[in-house]
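*Asks:* Okay, here's the structure, questions in a sec.
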Amino acid sequence: MEGRKEDNNLRLSFLRTANQGTNYIKADRFKKINFNLELVPKKMNIIGTQLADLVVYPIARHVQNTDKPNPAYNIVEKKIYKGKGFINGLKIFP
């Protein structure tokens, strides 16, 4: 199955965040939310997956090449949480 390693890494990261919290949200707050992570193949064509792609793709293009014009990112960027002069709602992993 293609992407199994990536899915497992994403699942572990999600669980770590939910169990340990972040610098901005404590674990207790996550534990109050009743949610379940479900990874589905892209080919299932689920609306939520399509919406995620519409947001993530411009961000990925921006991170990979900040010098290239990216009008879609300019729209998405306005929706990303910002505070005290820097972006708090965008975490870029190596």
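Scheme for the structure tokens: letters A, B, ... for chains in order shown; per-chain residue numbers from 1; ligand numbers from 1 in order shown.
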Could you name the residues that touch A:Arg61 at 9 Å or less, counting only C-alpha atoms, but leaving out those on the same chain fewer than 5 positions away, as a ChimeraX atom specification?

*Replies:* /A:56,66,68,70,73

*Asks:* Mind dumping the selected residues with N, CA and C atoms as a short mmCIF file (atom, residue, chain, number, x, y, z; two decimals), in the first residue's frame?

*Replies:*
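Saved to result-v3.cif:
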data_model
loop_
_atom_site.label_atom_id
_atom_site.label_comp_id
_atom_site.auth_asym_id
_atom_site.auth_seq_id
_atom_site.Cartn_x
_atom_site.Cartn_y
_atom_site.Cartn_z
N VAL A 56 -3.89 22.83 1.44
CA VAL A 56 -2.53 22.36 1.67
C VAL A 56 -1.62 22.58 0.46
N THR A 66 9.45 30.11 -1.91
CA THR A 66 8.82 31.36 -1.46
C THR A 66 8.95 32.50 -2.47
N LYS A 68 8.51 32.26 -5.83
CA LYS A 68 7.62 32.11 -6.98
C LYS A 68 6.23 32.63 -6.63
N ASN A 70 2.43 32.98 -6.00
CA ASN A 70 1.50 31.94 -5.59
C ASN A 70 0.20 32.60 -5.11
N TYR A 73 -1.86 30.88 -2.37
CA TYR A 73 -1.32 31.01 -1.01
C TYR A 73 -1.67 32.37 -0.42
#

*Asks:* Could the residues of stretch 45-70 of chain A that have an atom at most 12 Å from stretch 74-93 of chain A be listed as JSON lines, each with its closest atom pair and the distance in Å to one decimal, counting only C-alpha atoms and ordered by chain and ascending residue number?

*Replies:*
{"residue": "A:Leu51", "atom": "CA", "partner": "A:Val76", "partner_atom": "CA", "distance": 12.0}
{"residue": "A:Ala52", "atom": "CA", "partner": "A:Val76", "partner_atom": "CA", "distance": 11.5}
{"residue": "A:Asp53", "atom": "CA", "partner": "A:Val76", "partner_atom": "CA", "distance": 11.9}
{"residue": "A:Leu54", "atom": "CA", "partner": "A:Val76", "partner_atom": "CA", "distance": 9.3}
{"residue": "A:Val55", "atom": "CA", "partner": "A:Val76", "partner_atom": "CA", "distance": 6.6}
{"residue": "A:Val56", "atom": "CA", "partner": "A:Val76", "partner_atom": "CA", "distance": 9.0}
{"residue": "A:Tyr57", "atom": "CA", "partner": "A:Val76", "partner_atom": "CA", "distance": 10.2}
{"residue": "A:Pro58", "atom": "CA", "partner": "A:Val76", "partner_atom": "CA", "distance": 7.6}
{"residue": "A:Ile59", "atom": "CA", "partner": "A:Val76", "partner_atom": "CA", "distance": 7.7}
{"residue": "A:Ala60", "atom": "CA", "partner": "A:Ile92", "partner_atom": "CA", "distance": 9.4}
{"residue": "A:Arg61", "atom": "CA", "partner": "A:Asn74", "partner_atom": "CA", "distance": 11.5}
{"residue": "A:His62", "atom": "CA", "partner": "A:Asn74", "partner_atom": "CA", "distance": 9.4}
{"residue": "A:Val63", "atom": "CA", "partner": "A:Ile92", "partner_atom": "CA", "distance": 8.0}
{"residue": "A:Gln64", "atom": "CA", "partner": "A:Ile92", "partner_atom": "CA", "distance": 10.6}
{"residue": "A:Thr66", "atom": "CA", "partner": "A:Asn74", "partner_atom": "CA", "distance": 11.4}
{"residue": "A:Lys68", "atom": "CA", "partner": "A:Asn74", "partner_atom": "CA", "distance": 11.8}
{"residue": "A:Pro69", "atom": "CA", "partner": "A:Asn74", "partner_atom": "CA", "distance": 9.1}
{"residue": "A:Asn70", "atom": "CA", "partner": "A:Asn74", "partner_atom": "CA", "distance": 6.6}

*Asks:* Taking C-alpha atoms for each residue, export the selection above as a tab-separated table (two decimals), in the first residue's frame.

*Replies:*
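Dumped everything to part.tsv:
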chain	number	residue	atom	x	y	z
A	51	LEU	CA	-10.99	20.80	0.72
A	52	ALA	CA	-7.80	19.88	2.59
A	53	ASP	CA	-5.97	19.57	-0.74
A	54	LEU	CA	-7.22	22.99	-1.82
A	55	VAL	CA	-5.65	24.50	1.30
A	56	VAL	CA	-2.53	22.36	1.67
A	57	TYR	CA	-1.27	22.49	-1.91
A	58	PRO	CA	-0.76	26.28	-2.01
A	59	ILE	CA	0.95	26.13	1.39
A	60	ALA	CA	3.29	23.36	0.20
A	61	ARG	CA	4.14	25.32	-2.95
A	62	HIS	CA	4.87	28.39	-0.83
A	63	VAL	CA	7.14	26.47	1.56
A	64	GLN	CA	9.04	24.83	-1.30
A	66	THR	CA	8.82	31.36	-1.46
A	68	LYS	CA	7.62	32.11	-6.98
A	69	PRO	CA	4.27	33.91	-7.27
A	70	ASN	CA	1.50	31.94	-5.59

*Asks:* When you look at stretch 33-39 of chain A with a cut-off of 8 Å (counting only C-alpha atoms), what residues show up, excluding the ones that are within fewer than 4 positions of it in the same chain? I need them as a PDB file with C-alpha atoms, in the first residue's frame.

*Replies:*
ATOM      1  CA  ASP A   7       0.184   7.533   7.165  1.00  0.00           C
ATOM      2  CA  ARG A  11      -1.027   9.036  12.891  1.00  0.00           C
ATOM      3  CA  PHE A  14      -1.580  13.301  15.654  1.00  0.00           C
ATOM      4  CA  ARG A  29      -8.100  20.695  26.155  1.00  0.00           C
TER       5      ARG A  29
END

*Asks:* Name the residues of stretch 10-83 of chain A that fall into helix (DSSP H, G or I) according to DSSP on the backbone, using the chain letters and numbers of this document, as a VMD selection string.

*Replies:* chain A and resid 10 to 20 27 to 31 42 to 44 47 to 64 71 to 77

*Asks:* Taking C-alpha atoms for each residue, export the selection above as a PDB file, in the first residue's frame.

*Replies:*
ATOM      1  CA  LEU A  10       0.971  11.255  10.531  1.00  0.00           C
ATOM      2  CA  ARG A  11      -1.027   9.036  12.891  1.00  0.00           C
ATOM      3  CA  LEU A  12       1.807   9.060  15.476  1.00  0.00           C
ATOM      4  CA  SER A  13       2.173  12.833  15.223  1.00  0.00           C
ATOM      5  CA  PHE A  14      -1.580  13.301  15.654  1.00  0.00           C
ATOM      6  CA  LEU A  15      -1.694  11.012  18.704  1.00  0.00           C
ATOM      7  CA  ARG A  16       1.361  12.694  20.241  1.00  0.00           C
ATOM      8  CA  THR A  17      -0.241  16.102  19.834  1.00  0.00           C
ATOM      9  CA  ALA A  18      -3.566  14.919  21.237  1.00  0.00           C
ATOM     10  CA  ASN A  19      -1.913  13.228  24.240  1.00  0.00           C
ATOM     11  CA  GLN A  20       0.824  15.753  25.035  1.00  0.00           C
ATOM     12  CA  ALA A  27      -3.344  18.170  26.449  1.00  0.00           C
ATOM     13  CA  ASP A  28      -6.376  18.538  28.754  1.00  0.00           C
ATOM     14  CA  ARG A  29      -8.100  20.695  26.155  1.00  0.00           C
ATOM     15  CA  PHE A  30      -7.535  18.071  23.436  1.00  0.00           C
ATOM     16  CA  LYS A  31      -8.846  15.332  25.733  1.00  0.00           C
ATOM     17  CA  LYS A  42      -7.328   9.965  -1.839  1.00  0.00           C
ATOM     18  CA  LYS A  43      -9.075   8.024  -4.586  1.00  0.00           C
ATOM     19  CA  MET A  44     -12.194   7.792  -2.368  1.00  0.00           C
ATOM     20  CA  ILE A  47     -15.236  16.259   0.076  1.00  0.00           C
ATOM     21  CA  GLY A  48     -13.174  16.952   3.221  1.00  0.00           C
ATOM     22  CA  THR A  49     -10.093  15.524   1.527  1.00  0.00           C
ATOM     23  CA  GLN A  50     -10.665  17.716  -1.503  1.00  0.00           C
ATOM     24  CA  LEU A  51     -10.985  20.796   0.719  1.00  0.00           C
ATOM     25  CA  ALA A  52      -7.804  19.879   2.585  1.00  0.00           C
ATOM     26  CA  ASP A  53      -5.966  19.574  -0.735  1.00  0.00           C
ATOM     27  CA  LEU A  54      -7.222  22.989  -1.820  1.00  0.00           C
ATOM     28  CA  VAL A  55      -5.648  24.499   1.299  1.00  0.00           C
ATOM     29  CA  VAL A  56      -2.527  22.360   1.670  1.00  0.00           C
ATOM     30  CA  TYR A  57      -1.271  22.487  -1.909  1.00  0.00           C
ATOM     31  CA  PRO A  58      -0.763  26.285  -2.013  1.00  0.00           C
ATOM     32  CA  ILE A  59       0.954  26.131   1.388  1.00  0.00           C
ATOM     33  CA  ALA A  60       3.286  23.355   0.202  1.00  0.00           C
ATOM     34  CA  ARG A  61       4.141  25.320  -2.947  1.00  0.00           C
ATOM     35  CA  HIS A  62       4.868  28.392  -0.830  1.00  0.00           C
ATOM     36  CA  VAL A  63       7.138  26.471   1.558  1.00  0.00           C
ATOM     37  CA  GLN A  64       9.039  24.830  -1.300  1.00  0.00           C
ATOM     38  CA  PRO A  71      -1.882  33.734  -5.661  1.00  0.00           C
ATOM     39  CA  ALA A  72      -3.661  30.786  -4.016  1.00  0.00           C
ATOM     40  CA  TYR A  73      -1.320  31.009  -1.009  1.00  0.00           C
ATOM     41  CA  ASN A  74      -2.003  34.738  -0.743  1.00  0.00           C
ATOM     42  CA  ILE A  75      -5.656  33.851  -0.139  1.00  0.00           C
ATOM     43  CA  VAL A  76      -4.946  30.996   2.287  1.00  0.00           C
ATOM     44  CA  GLU A  77      -2.340  33.011   4.214  1.00  0.00           C
TER      45      GLU A  77
END
